[in-house]
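Structure first, commentary second.
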Amino acid sequence: MQSEETVAMATPIPLDTFKLGFIGAGKMAESIAKGVVQSGVLPASRIRTAVHKDASRREAFSSFGAKVFDTNQEVVEDSNVIVFSVKPQVVKDVVLQLKPVLSKKKLLVSVAAGTNLSDLQVCMERFIFILFIYLFIFYFFK
């Protein structure tokens with residue numbers, strides 16, 4: 001059970017303007033982002049990601065209107081909800097790299113396969129898994 005102090009520290013996410021950022025621009029992130037847009041949960045203009053190497057991944061996100069940055073830091077700085085969708089072997093390194101820009105005002109979500117919550121909480125205290133994002137979306141967008 002959460003204490004009143006923990007609940008009081010939570011910062012509400014502005015539902016009419018919040019931006020959804022993806023760390024990792026692979027097929028899973030693309031599918032989730034397209035689903036969010038096609039279902040009407042968010043317009044494509046409020047989806048963010050970064051592409052470092054593969055130009056086809058940049059095109060995949062740009063093709064439906066998502067904003068594509070050059071760095072993950074830019075994605076974090078410009079997003080309210082951050083979805084970590086990277087390969088399991090790099091998730092800890094990516095989280096530790098981004099830790100300086102991951103403020104308490106950001107909602108962190110992991111869909112990284114094979115990564116458990118206790119591993120992520122070593123890096124950051126406030127991760128949720130994809131199971132909870134469904135509750136978040138249905139609660140706020142029913």
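Identifiers in the structure tokens: chain A, B, ... in order shown; residue index from 1 per chain; ligand index from 1 in order shown.
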Do you know which residues are at most 12 Å from Gly21 in chain A counting only C-alpha atoms, after dropping those on the same chain fewer than 2 positions away, and could you put them as a tab-separated table (two decimals) with all heavy atoms, in the first residue's frame?
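Saved to around-v9.tsv:
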```
chain	number	residue	atom	x	y	z
A	18	PHE	N	-0.17	15.51	-23.18
A	18	PHE	CA	0.99	14.67	-22.89
A	18	PHE	C	1.53	14.00	-24.14
A	18	PHE	O	0.84	13.77	-25.11
A	18	PHE	CB	0.71	13.67	-21.76
A	18	PHE	CG	0.15	12.34	-22.16
A	18	PHE	CD1	1.01	11.31	-22.50
A	18	PHE	CD2	-1.21	12.10	-22.16
A	18	PHE	CE1	0.52	10.07	-22.85
A	18	PHE	CE2	-1.71	10.88	-22.51
A	18	PHE	CZ	-0.84	9.85	-22.85
A	19	LYS	N	2.84	13.72	-24.07
A	19	LYS	CA	3.55	13.12	-25.20
A	19	LYS	C	4.12	11.78	-24.77
A	19	LYS	O	4.62	11.62	-23.66
A	19	LYS	CB	4.67	14.05	-25.65
A	19	LYS	CG	4.15	15.38	-26.15
A	19	LYS	CD	5.29	16.35	-26.40
A	19	LYS	CE	4.76	17.75	-26.62
A	19	LYS	NZ	5.82	18.74	-26.52
A	23	ILE	N	11.83	4.73	-26.24
A	23	ILE	CA	13.26	4.50	-26.27
A	23	ILE	C	13.42	3.12	-26.91
A	23	ILE	O	13.07	2.11	-26.33
A	23	ILE	CB	13.88	4.53	-24.85
A	23	ILE	CG1	13.57	5.85	-24.16
A	23	ILE	CG2	15.37	4.25	-24.92
A	23	ILE	CD1	14.07	7.09	-24.86
A	24	GLY	N	13.90	3.13	-28.13
A	24	GLY	CA	13.92	1.94	-28.97
A	24	GLY	C	12.87	2.11	-30.04
A	24	GLY	O	11.71	2.41	-29.73
A	25	ALA	N	13.29	2.01	-31.29
A	25	ALA	CA	12.37	2.26	-32.41
A	25	ALA	C	12.18	1.00	-33.25
A	25	ALA	O	12.06	1.07	-34.47
A	25	ALA	CB	12.90	3.41	-33.27
A	29	ALA	N	7.90	-1.25	-30.67
A	29	ALA	CA	7.58	0.15	-30.41
A	29	ALA	C	6.71	0.71	-31.53
A	29	ALA	O	5.74	1.43	-31.27
A	29	ALA	CB	8.87	0.97	-30.28
A	30	GLU	N	7.04	0.38	-32.76
A	30	GLU	CA	6.25	0.85	-33.89
A	30	GLU	C	4.80	0.35	-33.80
A	30	GLU	O	3.86	1.12	-34.01
A	30	GLU	CB	6.87	0.37	-35.20
A	30	GLU	CG	6.08	0.79	-36.43
A	30	GLU	CD	6.62	0.16	-37.71
A	30	GLU	OE1	7.62	-0.56	-37.69
A	30	GLU	OE2	5.99	0.39	-38.77
A	32	ILE	N	3.09	-0.58	-31.11
A	32	ILE	CA	2.40	0.09	-30.01
A	32	ILE	C	2.04	1.52	-30.41
A	32	ILE	O	0.91	1.97	-30.21
A	32	ILE	CB	3.25	0.07	-28.72
A	32	ILE	CG1	3.42	-1.37	-28.23
A	32	ILE	CG2	2.60	0.94	-27.64
A	32	ILE	CD1	4.46	-1.51	-27.13
A	33	ALA	N	3.01	2.23	-30.98
A	33	ALA	CA	2.78	3.62	-31.37
A	33	ALA	C	1.66	3.72	-32.41
A	33	ALA	O	0.76	4.56	-32.28
A	33	ALA	CB	4.07	4.24	-31.92
A	36	VAL	N	-1.70	3.12	-30.74
A	36	VAL	CA	-2.13	4.28	-29.96
A	36	VAL	C	-2.74	5.33	-30.89
A	36	VAL	O	-3.79	5.91	-30.59
A	36	VAL	CB	-0.94	4.86	-29.15
A	36	VAL	CG1	-1.25	6.24	-28.61
A	36	VAL	CG2	-0.56	3.91	-28.03
A	42	LEU	N	-4.00	8.96	-28.91
A	42	LEU	CA	-3.16	10.14	-29.09
A	42	LEU	C	-2.99	10.42	-30.58
A	42	LEU	O	-2.93	9.48	-31.37
A	42	LEU	CB	-1.75	9.92	-28.52
A	42	LEU	CG	-1.54	9.93	-27.03
A	42	LEU	CD1	-0.07	9.66	-26.70
A	42	LEU	CD2	-1.95	11.25	-26.42
A	44	ALA	N	-0.64	11.32	-33.77
A	44	ALA	CA	0.75	10.97	-34.09
A	44	ALA	C	1.72	12.07	-33.73
A	44	ALA	O	2.88	11.81	-33.39
A	44	ALA	CB	0.86	10.63	-35.57
A	45	SER	N	1.27	13.30	-33.75
A	45	SER	CA	2.14	14.43	-33.43
A	45	SER	C	2.63	14.41	-31.98
A	45	SER	O	3.56	15.14	-31.63
A	45	SER	CB	1.42	15.75	-33.71
A	45	SER	OG	0.27	15.86	-32.89
A	46	ARG	N	2.03	13.57	-31.13
A	46	ARG	CA	2.46	13.48	-29.73
A	46	ARG	C	3.22	12.19	-29.43
A	46	ARG	O	3.43	11.83	-28.28
A	46	ARG	CB	1.26	13.65	-28.81
A	46	ARG	CG	0.71	15.07	-28.95
A	46	ARG	CD	-0.18	15.53	-27.87
A	46	ARG	NE	-1.04	14.52	-27.27
A	46	ARG	CZ	-2.19	14.78	-26.68
A	46	ARG	NH1	-2.63	16.02	-26.61
A	46	ARG	NH2	-2.91	13.83	-26.16
A	47	ILE	N	3.66	11.50	-30.49
A	47	ILE	CA	4.50	10.30	-30.36
A	47	ILE	C	5.93	10.71	-30.69
A	47	ILE	O	6.18	11.41	-31.66
A	47	ILE	CB	4.04	9.18	-31.33
A	47	ILE	CG1	2.57	8.83	-31.13
A	47	ILE	CG2	4.95	7.96	-31.22
A	47	ILE	CD1	2.24	8.10	-29.87
A	48	ARG	N	6.90	10.25	-29.88
A	48	ARG	CA	8.31	10.56	-30.08
A	48	ARG	C	9.15	9.29	-30.04
A	48	ARG	O	8.83	8.36	-29.32
A	48	ARG	CB	8.84	11.46	-28.94
A	48	ARG	CG	8.58	12.93	-29.12
A	48	ARG	CD	7.25	13.33	-28.54
A	48	ARG	NE	7.06	14.76	-28.68
A	48	ARG	CZ	6.45	15.33	-29.72
A	48	ARG	NH1	5.99	14.62	-30.69
A	48	ARG	NH2	6.30	16.63	-29.78
A	49	THR	N	10.25	9.29	-30.77
A	49	THR	CA	11.27	8.26	-30.67
A	49	THR	C	12.57	8.83	-31.19
A	49	THR	O	12.62	9.97	-31.65
A	49	THR	CB	10.88	6.96	-31.42
A	49	THR	OG1	11.76	5.90	-31.00
A	49	THR	CG2	10.97	7.13	-32.92
A	50	ALA	N	13.64	8.04	-31.08
A	50	ALA	CA	14.94	8.41	-31.63
A	50	ALA	C	15.46	7.24	-32.45
A	50	ALA	O	15.26	6.09	-32.08
A	50	ALA	CB	15.93	8.76	-30.52
A	61	PHE	N	8.55	5.39	-38.46
A	61	PHE	CA	7.87	6.28	-37.52
A	61	PHE	C	7.42	7.58	-38.18
A	61	PHE	O	6.34	8.07	-37.92
A	61	PHE	CB	8.76	6.57	-36.31
A	61	PHE	CG	8.69	5.50	-35.26
A	61	PHE	CD1	9.46	4.35	-35.37
A	61	PHE	CD2	7.84	5.61	-34.18
A	61	PHE	CE1	9.39	3.34	-34.42
A	61	PHE	CE2	7.75	4.62	-33.22
A	61	PHE	CZ	8.54	3.47	-33.35
A	66	ALA	N	4.89	10.49	-36.51
A	66	ALA	CA	5.60	10.60	-35.23
A	66	ALA	C	6.82	11.49	-35.38
A	66	ALA	O	7.42	11.57	-36.44
A	66	ALA	CB	6.02	9.21	-34.74
A	67	LYS	N	7.19	12.15	-34.30
A	67	LYS	CA	8.39	12.99	-34.28
A	67	LYS	C	9.59	12.10	-33.99
A	67	LYS	O	9.58	11.34	-33.02
A	67	LYS	CB	8.25	14.06	-33.20
A	67	LYS	CG	9.48	14.86	-32.93
A	67	LYS	CD	9.40	16.20	-33.59
A	67	LYS	CE	10.57	17.05	-33.12
A	67	LYS	NZ	11.19	17.76	-34.17
A	68	VAL	N	10.62	12.18	-34.83
A	68	VAL	CA	11.82	11.36	-34.66
A	68	VAL	C	13.01	12.26	-34.34
A	68	VAL	O	13.36	13.13	-35.12
A	68	VAL	CB	12.10	10.52	-35.92
A	68	VAL	CG1	13.33	9.64	-35.71
A	68	VAL	CG2	10.89	9.66	-36.29
A	69	PHE	N	13.60	12.02	-33.17
A	69	PHE	CA	14.77	12.77	-32.73
A	69	PHE	C	16.04	12.00	-33.05
A	69	PHE	O	15.99	10.82	-33.40
A	69	PHE	CB	14.71	13.01	-31.21
A	69	PHE	CG	13.64	13.97	-30.78
A	69	PHE	CD1	12.47	13.51	-30.18
A	69	PHE	CD2	13.81	15.33	-30.95
A	69	PHE	CE1	11.50	14.40	-29.77
A	69	PHE	CE2	12.84	16.23	-30.53
A	69	PHE	CZ	11.68	15.76	-29.94
A	71	THR	N	18.53	11.72	-30.63
A	71	THR	CA	19.04	11.11	-29.40
A	71	THR	C	17.89	10.71	-28.46
A	71	THR	O	16.82	11.32	-28.47
A	71	THR	CB	19.97	12.07	-28.62
A	71	THR	OG1	19.19	13.16	-28.11
A	71	THR	CG2	21.10	12.58	-29.52
A	72	ASN	N	18.17	9.71	-27.64
A	72	ASN	CA	17.21	9.28	-26.63
A	72	ASN	C	16.98	10.38	-25.58
A	72	ASN	O	15.88	10.51	-25.05
A	72	ASN	CB	17.69	8.00	-25.93
A	72	ASN	CG	17.54	6.79	-26.82
A	72	ASN	OD1	16.67	6.73	-27.69
A	72	ASN	ND2	18.39	5.81	-26.61
A	73	GLN	N	18.01	11.16	-25.29
A	73	GLN	CA	17.87	12.25	-24.32
A	73	GLN	C	16.80	13.24	-24.78
A	73	GLN	O	16.00	13.71	-23.96
A	73	GLN	CB	19.21	12.98	-24.12
A	73	GLN	CG	20.22	12.20	-23.34
A	73	GLN	CD	21.00	11.19	-24.19
A	73	GLN	OE1	20.79	11.02	-25.39
A	73	GLN	NE2	21.92	10.49	-23.55
A	74	GLU	N	16.77	13.54	-26.07
A	74	GLU	CA	15.76	14.46	-26.60
A	74	GLU	C	14.36	13.87	-26.44
A	74	GLU	O	13.41	14.60	-26.13
A	74	GLU	CB	16.02	14.75	-28.08
A	74	GLU	CG	17.26	15.58	-28.33
A	74	GLU	CD	17.56	15.70	-29.81
A	74	GLU	OE1	17.95	14.67	-30.42
A	74	GLU	OE2	17.40	16.81	-30.35
A	75	VAL	N	14.23	12.57	-26.65
A	75	VAL	CA	12.93	11.90	-26.49
A	75	VAL	C	12.46	12.05	-25.05
A	75	VAL	O	11.31	12.43	-24.80
A	75	VAL	CB	13.02	10.40	-26.87
A	75	VAL	CG1	11.72	9.68	-26.54
A	75	VAL	CG2	13.38	10.24	-28.34
A	76	VAL	N	13.33	11.76	-24.09
A	76	VAL	CA	12.97	11.85	-22.67
A	76	VAL	C	12.59	13.28	-22.30
A	76	VAL	O	11.57	13.51	-21.66
A	76	VAL	CB	14.13	11.34	-21.77
A	76	VAL	CG1	13.84	11.64	-20.30
A	76	VAL	CG2	14.33	9.85	-21.98
A	77	GLU	N	13.39	14.23	-22.74
A	77	GLU	CA	13.13	15.63	-22.38
A	77	GLU	C	11.81	16.13	-22.95
A	77	GLU	O	11.17	16.99	-22.35
A	77	GLU	CB	14.29	16.51	-22.85
A	77	GLU	CG	15.55	16.28	-22.05
A	77	GLU	CD	16.79	16.91	-22.66
A	77	GLU	OE1	16.72	17.46	-23.79
A	77	GLU	OE2	17.85	16.84	-22.00
A	78	ASP	N	11.37	15.58	-24.09
A	78	ASP	CA	10.16	16.07	-24.75
A	78	ASP	C	8.94	15.18	-24.53
A	78	ASP	O	7.93	15.35	-25.18
A	78	ASP	CB	10.44	16.21	-26.26
A	78	ASP	CG	9.39	17.07	-26.95
A	78	ASP	OD1	9.08	18.16	-26.43
A	78	ASP	OD2	8.88	16.64	-28.00
A	79	SER	N	9.03	14.22	-23.61
A	79	SER	CA	7.92	13.28	-23.38
A	79	SER	C	7.53	13.23	-21.92
A	79	SER	O	8.36	13.44	-21.04
A	79	SER	CB	8.33	11.87	-23.84
A	79	SER	OG	8.70	11.87	-25.19
A	80	ASN	N	6.26	12.92	-21.67
A	80	ASN	CA	5.77	12.73	-20.31
A	80	ASN	C	5.79	11.27	-19.89
A	80	ASN	O	6.02	10.93	-18.74
A	80	ASN	CB	4.33	13.24	-20.17
A	80	ASN	CG	4.19	14.66	-20.62
A	80	ASN	OD1	3.88	14.91	-21.78
A	80	ASN	ND2	4.41	15.60	-19.73
A	81	VAL	N	5.48	10.39	-20.86
A	81	VAL	CA	5.48	8.95	-20.63
A	81	VAL	C	6.57	8.36	-21.52
A	81	VAL	O	6.61	8.61	-22.72
A	81	VAL	CB	4.11	8.31	-20.98
A	81	VAL	CG1	4.15	6.81	-20.79
A	81	VAL	CG2	3.00	8.94	-20.16
A	82	ILE	N	7.48	7.59	-20.90
A	82	ILE	CA	8.62	7.02	-21.61
A	82	ILE	C	8.47	5.50	-21.62
A	82	ILE	O	8.39	4.88	-20.57
A	82	ILE	CB	9.96	7.36	-20.92
A	82	ILE	CG1	10.04	8.82	-20.50
A	82	ILE	CG2	11.13	6.90	-21.78
A	82	ILE	CD1	9.98	9.81	-21.60
A	83	VAL	N	8.40	4.92	-22.83
A	83	VAL	CA	8.29	3.47	-22.98
A	83	VAL	C	9.65	2.94	-23.40
A	83	VAL	O	10.17	3.30	-24.46
A	83	VAL	CB	7.22	3.10	-24.03
A	83	VAL	CG1	7.15	1.58	-24.21
A	83	VAL	CG2	5.86	3.66	-23.65
A	84	PHE	N	10.22	2.08	-22.57
A	84	PHE	CA	11.50	1.44	-22.90
A	84	PHE	C	11.21	0.17	-23.68
A	84	PHE	O	10.64	-0.78	-23.15
A	84	PHE	CB	12.30	1.14	-21.63
A	84	PHE	CG	12.91	2.37	-21.04
A	84	PHE	CD1	12.16	3.20	-20.21
A	84	PHE	CD2	14.21	2.72	-21.33
A	84	PHE	CE1	12.72	4.35	-19.69
A	84	PHE	CE2	14.78	3.88	-20.81
A	84	PHE	CZ	14.02	4.69	-19.99
A	85	SER	N	11.59	0.19	-24.95
A	85	SER	CA	11.33	-0.93	-25.85
A	85	SER	C	12.64	-1.28	-26.55
A	85	SER	O	12.76	-1.17	-27.77
A	85	SER	CB	10.25	-0.53	-26.87
A	85	SER	OG	9.99	-1.59	-27.75
A	106	LYS	N	8.26	12.04	-14.96
A	106	LYS	CA	8.11	11.12	-16.09
A	106	LYS	C	7.54	9.79	-15.62
A	106	LYS	O	7.96	9.26	-14.60
A	106	LYS	CB	9.46	10.85	-16.76
A	106	LYS	CG	10.28	12.07	-17.10
A	106	LYS	CD	9.73	12.83	-18.26
A	106	LYS	CE	10.64	14.01	-18.59
A	106	LYS	NZ	10.14	14.83	-19.66
A	107	LEU	N	6.58	9.26	-16.37
A	107	LEU	CA	6.06	7.92	-16.12
A	107	LEU	C	6.89	6.98	-16.97
A	107	LEU	O	6.99	7.16	-18.19
A	107	LEU	CB	4.58	7.83	-16.51
A	107	LEU	CG	3.95	6.44	-16.43
A	107	LEU	CD1	3.97	5.92	-15.00
A	107	LEU	CD2	2.53	6.49	-16.96
A	108	LEU	N	7.52	5.98	-16.34
A	108	LEU	CA	8.41	5.06	-17.03
A	108	LEU	C	7.73	3.70	-17.20
A	108	LEU	O	7.21	3.16	-16.23
A	108	LEU	CB	9.71	4.89	-16.25
A	108	LEU	CG	10.41	6.18	-15.85
A	108	LEU	CD1	11.66	5.88	-15.05
A	108	LEU	CD2	10.74	7.03	-17.07
A	109	VAL	N	7.77	3.19	-18.42
A	109	VAL	CA	7.12	1.92	-18.74
A	109	VAL	C	8.14	1.05	-19.46
A	109	VAL	O	8.87	1.53	-20.32
A	109	VAL	CB	5.90	2.14	-19.67
A	109	VAL	CG1	5.23	0.83	-20.00
A	109	VAL	CG2	4.92	3.10	-19.05
A	110	SER	N	8.19	-0.23	-19.12
A	110	SER	CA	9.07	-1.14	-19.82
A	110	SER	C	8.27	-2.22	-20.54
A	110	SER	O	7.40	-2.84	-19.94
A	110	SER	CB	10.05	-1.81	-18.85
A	110	SER	OG	10.83	-2.76	-19.55
```
Query raised in the report: For Gln38 in chain A, which residue among A:Phe64, A:Val94, A:Arg58, A:His52 is the nearest when counting only C-alpha atoms?
Result: A:Phe64
Requested in this report: Write down as a list of chain:residue names the residues of range 13-106 of chain A whose backbone DSSP state falls under strand (DSSP E or B).
Outcome: A:Leu20, A:Gly21, A:Phe22, A:Ile23, A:Ile47, A:Arg48, A:Thr49, A:Ala50, A:Lys67, A:Val68, A:Phe69, A:Val81, A:Ile82, A:Val83, A:Phe84
Query raised in the report: CA of Lys27 in chain A to CA of Gln97 in chain A: how many Å, to one decimal?
Result: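 Between CA of Lys27 in chain A and CA of Gln97 in chain A the gap is 22.5 Å.
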Query raised in the report: Counting only C-alpha atoms, which of A:Ala60, A:Leu96, A:Met28, A:Val41 gets nearest to Leu15 in chain A?
Result: A:Val41
